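Asks: First, the structure itself, so that you have it in front of you.
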Amino acid sequence: MPAVRFRGRSSDRLLSGCLTVCTFLMPVLAGDGKAAAQSSPVWMMDFSYLGERIQGTPLTWSENTLCVLARDGRLLYLDRDKASDFRKIADRFQALDFAGFKAAVLREFGNDFSVTSSTHYLIISPQGVSHAWKDRLEHLFRSATRYYSTRGFPLRNPDFLLPAVICPTWESFQRTAAREGTQLPPGTLGYYDRLSNRILLWDAGSGNPRDRGGIHVLAHEGFHQWAFNVGLHNRVNPPPLWVAEGLATLFESSGVFGGDPYSPASRRVHPARLATFTAAHAGRDHAQWLRKIVQSDAPFRENPALAYAEAWAAAFYFTEREPAKFVTYLRAVNDREPSAGISGRDREAEFTGVFGSDWGNLETRIGRFLSTLRP
């Protein structure tokens, strides 16, 4: 895969510019004209971009931007006027096999890195990094799949091996992130990049199973990667932050990550998030906190600790008590047509179309559910 420069950052919520799907892209659309977000990509093309050939599936096309899912799993946002000589080369999308992935990774990282694979992951690390990561990643995949499938969430197999980059030192972690255009604040242990589809992890605990901080980071960031690759989320249409972060925070609990999905809900509580939520909202009726995180991502900038706790509370309640409605809501979010943005009013309508508009009643039900739990 050529080292193409592409637009966008992993923090971008939606594409820039109003996207209009062209006739050329119609084979990747569902019958109702909306992007088939939860299905696997279909036909594949080859085209020229800045003198190099790229292979992948076109997902969206605007006046200025072409979004392509490349064979190595990257989302490429390219300048449309610099792309030419389009050729259909296959009726079905074909991801790189392990040999192709390995060759591409070694070209990028160099021969000082090793590349190994497991059932679902492509693990990229310098020599000497703990082999425990392979088992931990597969354990995460099994835990997430079991927890959500038992609650009726429709899942599909990933189209790619999921790349995990393991860095043995903070310095190598920073260098690798900087190469991908990410500046890391102190204390960061890992992140998921939606565009490259990679999780990047600092091996601070050397794979030690007692390293709870590292396990929480693996659970949270690894869940993001899992969710965006099994159809729970849509990489072109990322969900609202309360959904993405609420579900990932839910998975930090040891009762979910590795726990029994059939055990009482009290065993899956996240004690720290519950304590934060309870301290802020105990005894307060109709605080409108749910409506605020549904309408806007602003609470995550204004008071991150509280917003994460509220997102956890909502995601935990809907997953445990109203999973069928939650599935319907997630499908509506995934099937939304890509656009320059979505207004707070539209986000609210998307939510109330499934859960209703009695915010006070919803908050009361969530509060009562949480009050019955003892971690």
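Order determines the names: the first chain of the structure tokens is A, the second B, and so forth; residues in each chain are numbered 1 upward, and ligands are numbered 1 upward as they are shown.
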Tyr191 (chain A): which residues within 9 Å, counting only C-alpha atoms, same-chain residues fewer than 5 positions away excluded, as a list in words?

Replies: Arg198, Ile199, Leu200, Leu201, Val217, Leu218, His220, Glu221, Gly222 and His224 of chain A

Asks: Could you dump the residues just selected with N, CA, C and O atoms as a JSON list (two decimals), in the first residue's frame?

Replies:
```
[["chain", "number", "residue", "atom", "x", "y", "z"],
["A", 198, "ARG", "N", -6.04, 1.37, 13.77],
["A", 198, "ARG", "CA", -5.09, 0.77, 14.69],
["A", 198, "ARG", "C", -5.38, 1.17, 16.14],
["A", 198, "ARG", "O", -5.86, 2.27, 16.40],
["A", 199, "ILE", "N", -5.04, 0.27, 17.05],
["A", 199, "ILE", "CA", -4.87, 0.69, 18.43],
["A", 199, "ILE", "C", -3.37, 0.77, 18.69],
["A", 199, "ILE", "O", -2.59, -0.06, 18.22],
["A", 200, "LEU", "N", -2.99, 1.81, 19.39],
["A", 200, "LEU", "CA", -1.59, 2.03, 19.75],
["A", 200, "LEU", "C", -1.51, 1.97, 21.27],
["A", 200, "LEU", "O", -2.22, 2.71, 21.96],
["A", 201, "LEU", "N", -0.68, 1.08, 21.80],
["A", 201, "LEU", "CA", -0.62, 0.85, 23.24],
["A", 201, "LEU", "C", 0.81, 0.93, 23.73],
["A", 201, "LEU", "O", 1.74, 0.42, 23.09],
["A", 217, "VAL", "N", -7.04, 0.46, 29.91],
["A", 217, "VAL", "CA", -6.76, 1.11, 28.63],
["A", 217, "VAL", "C", -6.99, 0.14, 27.49],
["A", 217, "VAL", "O", -7.61, 0.48, 26.47],
["A", 218, "LEU", "N", -6.49, -1.08, 27.63],
["A", 218, "LEU", "CA", -6.71, -2.09, 26.60],
["A", 218, "LEU", "C", -8.20, -2.32, 26.40],
["A", 218, "LEU", "O", -8.68, -2.39, 25.25],
["A", 220, "HIS", "N", -10.75, -0.31, 27.03],
["A", 220, "HIS", "CA", -11.42, 0.86, 26.47],
["A", 220, "HIS", "C", -11.07, 1.06, 25.00],
["A", 220, "HIS", "O", -11.95, 1.14, 24.14],
["A", 221, "GLU", "N", -9.76, 1.15, 24.72],
["A", 221, "GLU", "CA", -9.35, 1.42, 23.34],
["A", 221, "GLU", "C", -9.57, 0.20, 22.44],
["A", 221, "GLU", "O", -9.94, 0.33, 21.28],
["A", 222, "GLY", "N", -9.34, -0.98, 23.01],
["A", 222, "GLY", "CA", -9.59, -2.19, 22.23],
["A", 222, "GLY", "C", -11.06, -2.36, 21.90],
["A", 222, "GLY", "O", -11.42, -2.87, 20.83],
["A", 224, "HIS", "N", -13.16, 0.16, 21.38],
["A", 224, "HIS", "CA", -13.41, 1.06, 20.25],
["A", 224, "HIS", "C", -13.10, 0.36, 18.93],
["A", 224, "HIS", "O", -13.90, 0.38, 17.99]]
```

Asks: At a cut-off of 10 Å, using only C-alpha atoms, what residues contact Asp260 (chain A)? Leave out same-chain residues fewer than 5 positions from it and give the result as a PDB file with all heavy atoms, in the first residue's frame.

Replies:
```
ATOM      1  N   SER A 143     -14.628 -11.670  24.770  1.00  0.00           N
ATOM      2  CA  SER A 143     -15.481 -11.106  25.817  1.00  0.00           C
ATOM      3  C   SER A 143     -16.508 -10.146  25.238  1.00  0.00           C
ATOM      4  O   SER A 143     -17.696 -10.192  25.586  1.00  0.00           O
ATOM      5  CB  SER A 143     -14.626 -10.380  26.861  1.00  0.00           C
ATOM      6  OG  SER A 143     -13.819 -11.279  27.579  1.00  0.00           O
ATOM      7  N   ARG A 146     -19.128 -12.073  23.114  1.00  0.00           N
ATOM      8  CA  ARG A 146     -20.056 -12.850  23.932  1.00  0.00           C
ATOM      9  C   ARG A 146     -21.051 -11.943  24.657  1.00  0.00           C
ATOM     10  O   ARG A 146     -22.256 -12.221  24.688  1.00  0.00           O
ATOM     11  CB  ARG A 146     -19.276 -13.689  24.949  1.00  0.00           C
ATOM     12  CG  ARG A 146     -20.162 -14.592  25.800  1.00  0.00           C
ATOM     13  CD  ARG A 146     -19.344 -15.552  26.637  1.00  0.00           C
ATOM     14  NE  ARG A 146     -18.423 -14.853  27.533  1.00  0.00           N
ATOM     15  CZ  ARG A 146     -17.701 -15.460  28.470  1.00  0.00           C
ATOM     16  NH1 ARG A 146     -17.760 -16.772  28.608  1.00  0.00           N
ATOM     17  NH2 ARG A 146     -16.898 -14.761  29.249  1.00  0.00           N
ATOM     18  N   TYR A 147     -20.559 -10.851  25.225  1.00  0.00           N
ATOM     19  CA  TYR A 147     -21.435  -9.959  25.989  1.00  0.00           C
ATOM     20  C   TYR A 147     -22.527  -9.356  25.104  1.00  0.00           C
ATOM     21  O   TYR A 147     -23.705  -9.332  25.478  1.00  0.00           O
ATOM     22  CB  TYR A 147     -20.606  -8.854  26.643  1.00  0.00           C
ATOM     23  CG  TYR A 147     -21.424  -7.854  27.424  1.00  0.00           C
ATOM     24  CD1 TYR A 147     -22.007  -8.198  28.639  1.00  0.00           C
ATOM     25  CD2 TYR A 147     -21.625  -6.567  26.943  1.00  0.00           C
ATOM     26  CE1 TYR A 147     -22.768  -7.282  29.356  1.00  0.00           C
ATOM     27  CE2 TYR A 147     -22.378  -5.641  27.649  1.00  0.00           C
ATOM     28  CZ  TYR A 147     -22.948  -6.008  28.859  1.00  0.00           C
ATOM     29  OH  TYR A 147     -23.708  -5.100  29.558  1.00  0.00           O
ATOM     30  N   SER A 254     -14.374  -5.196  35.001  1.00  0.00           N
ATOM     31  CA  SER A 254     -13.905  -6.584  34.953  1.00  0.00           C
ATOM     32  C   SER A 254     -15.066  -7.565  34.878  1.00  0.00           C
ATOM     33  O   SER A 254     -14.895  -8.706  34.445  1.00  0.00           O
ATOM     34  CB  SER A 254     -13.043  -6.892  36.180  1.00  0.00           C
ATOM     35  OG  SER A 254     -13.787  -6.703  37.377  1.00  0.00           O
ATOM     36  N   GLY A 255     -16.262  -7.121  35.261  1.00  0.00           N
ATOM     37  CA  GLY A 255     -17.432  -7.982  35.152  1.00  0.00           C
ATOM     38  C   GLY A 255     -17.955  -8.097  33.737  1.00  0.00           C
ATOM     39  O   GLY A 255     -18.754  -8.992  33.434  1.00  0.00           O
ATOM     40  N   ALA A 265     -26.535  -8.058  36.988  1.00  0.00           N
ATOM     41  CA  ALA A 265     -25.970  -6.799  36.493  1.00  0.00           C
ATOM     42  C   ALA A 265     -25.065  -6.139  37.519  1.00  0.00           C
ATOM     43  O   ALA A 265     -24.129  -5.411  37.160  1.00  0.00           O
ATOM     44  CB  ALA A 265     -27.095  -5.850  36.094  1.00  0.00           C
ATOM     45  N   ARG A 267     -22.744  -7.314  39.116  1.00  0.00           N
ATOM     46  CA  ARG A 267     -21.357  -7.759  38.966  1.00  0.00           C
ATOM     47  C   ARG A 267     -20.659  -7.090  37.787  1.00  0.00           C
ATOM     48  O   ARG A 267     -19.463  -7.289  37.584  1.00  0.00           O
ATOM     49  CB  ARG A 267     -21.315  -9.278  38.801  1.00  0.00           C
ATOM     50  CG  ARG A 267     -21.831 -10.033  40.018  1.00  0.00           C
ATOM     51  CD  ARG A 267     -21.663 -11.527  39.859  1.00  0.00           C
ATOM     52  NE  ARG A 267     -22.212 -12.244  40.999  1.00  0.00           N
ATOM     53  CZ  ARG A 267     -22.229 -13.570  41.104  1.00  0.00           C
ATOM     54  NH1 ARG A 267     -21.720 -14.321  40.129  1.00  0.00           N
ATOM     55  NH2 ARG A 267     -22.751 -14.147  42.171  1.00  0.00           N
ATOM     56  N   ARG A 268     -21.407  -6.332  37.010  1.00  0.00           N
ATOM     57  CA  ARG A 268     -20.818  -5.661  35.852  1.00  0.00           C
ATOM     58  C   ARG A 268     -20.729  -4.143  36.043  1.00  0.00           C
ATOM     59  O   ARG A 268     -20.451  -3.407  35.101  1.00  0.00           O
ATOM     60  CB  ARG A 268     -21.634  -5.994  34.598  1.00  0.00           C
ATOM     61  CG  ARG A 268     -21.523  -7.452  34.190  1.00  0.00           C
ATOM     62  CD  ARG A 268     -22.212  -7.730  32.870  1.00  0.00           C
ATOM     63  NE  ARG A 268     -23.669  -7.670  32.984  1.00  0.00           N
ATOM     64  CZ  ARG A 268     -24.425  -8.663  33.436  1.00  0.00           C
ATOM     65  NH1 ARG A 268     -23.864  -9.788  33.840  1.00  0.00           N
ATOM     66  NH2 ARG A 268     -25.739  -8.546  33.502  1.00  0.00           N
TER      67      ARG A 268
END
```

Asks: Find, counting only C-alpha atoms, the residue in A:His270, A:His281, A:His120, A:Arg71 that gets nearest to Phe101 (chain A).

Replies: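 The answer is A:Arg71, which sits nearest to Phe101 (chain A).
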
Asks: Could you pull out the residues in region 145-360 of chain A that DSSP calls alpha helix (DSSP H) from the backbone, as a PyMOL selection string?

Replies: chain A and resi 145-149+170-179+212-229+241-250+271-281+289-295+299-302+304-321+323-334+344-355+359-360

Asks: Which value, in Å to one decimal, gives the distance between CA of Tyr148 (chain A) and CA of Pro264 (chain A)?

Replies: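 Atom-to-atom, CA of Tyr148 (chain A) and CA of Pro264 (chain A) are spaced 15.2 Å apart.
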
Asks: Can you list, as a PyMOL selection string, every protein, DNA or RNA residue that comes within 12 Å of region 121-135 of chain A when you count only C-alpha atoms, leaving out same-chain residues fewer than 5 positions away?

Replies: chain A and resi 72-73+96-106+108-116+140-142+158-169+172-173+176+197-209+214-215+218+222+225-226+229

Asks: Would you mind telling me which residue in A:Trp242, A:Phe316, A:Tyr49, A:Phe355 lies nearest to Ala83 (chain A) when using only C-alpha atoms?

Replies: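 Answer, going by the shortest atom-to-atom distance: A:Tyr49.
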
Asks: For Asn334 (chain A), which residue among A:Asn237, A:Gln94, A:Ser48, A:Thr150 is the nearest when counting only C-alpha atoms?

Replies: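 With only C-alpha atoms as the atom set, the closest residue is A:Asn237.
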
Asks: With distances taken over only C-alpha atoms, which residue among A:Gly259, A:Gly231, A:Pro271, A:Gly356 lies nearest Asn157 (chain A)?

Replies: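 Using only C-alpha atoms, Asn157 (chain A) sits closest to A:Gly231.
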
Asks: Write out as a VMD selection string the residues lying within 12 Å of Glu322 (chain A), counting only C-alpha atoms and excluding same-chain residues fewer than 5 positions away.

Replies: chain A and resid 151 to 153 314 to 317 327 to 329 354 to 355 362 365 to 366 369

Asks: How would the residues just picked look written out with C-alpha atoms as a short mmCIF file (atom, residue, chain, number, x, y, z; two decimals), in the first residue's frame?

Replies:
```
data_model
loop_
_atom_site.label_atom_id
_atom_site.label_comp_id
_atom_site.auth_asym_id
_atom_site.auth_seq_id
_atom_site.Cartn_x
_atom_site.Cartn_y
_atom_site.Cartn_z
CA ARG A 151 -28.03 -9.32 24.31
CA GLY A 152 -29.13 -9.52 20.71
CA PHE A 153 -26.73 -7.02 19.14
CA ALA A 314 -26.90 5.55 29.95
CA ALA A 315 -25.04 2.91 27.94
CA PHE A 316 -25.14 0.43 30.83
CA TYR A 317 -28.87 0.91 31.36
CA VAL A 327 -29.96 -1.88 18.71
CA THR A 328 -32.63 0.02 16.78
CA TYR A 329 -31.08 3.33 17.81
CA VAL A 354 -36.63 5.20 19.52
CA PHE A 355 -36.73 5.93 23.26
CA LEU A 362 -35.84 8.11 31.21
CA ARG A 365 -35.54 4.80 35.17
CA ILE A 366 -31.77 4.96 34.77
CA PHE A 369 -31.71 0.88 37.91
#
```

Asks: When distances are computed from only C-alpha atoms, which of A:Phe277, A:Tyr262, A:Phe300, A:Trp312 shows the smallest separation from Leu247 (chain A)?

Replies: A:Trp312
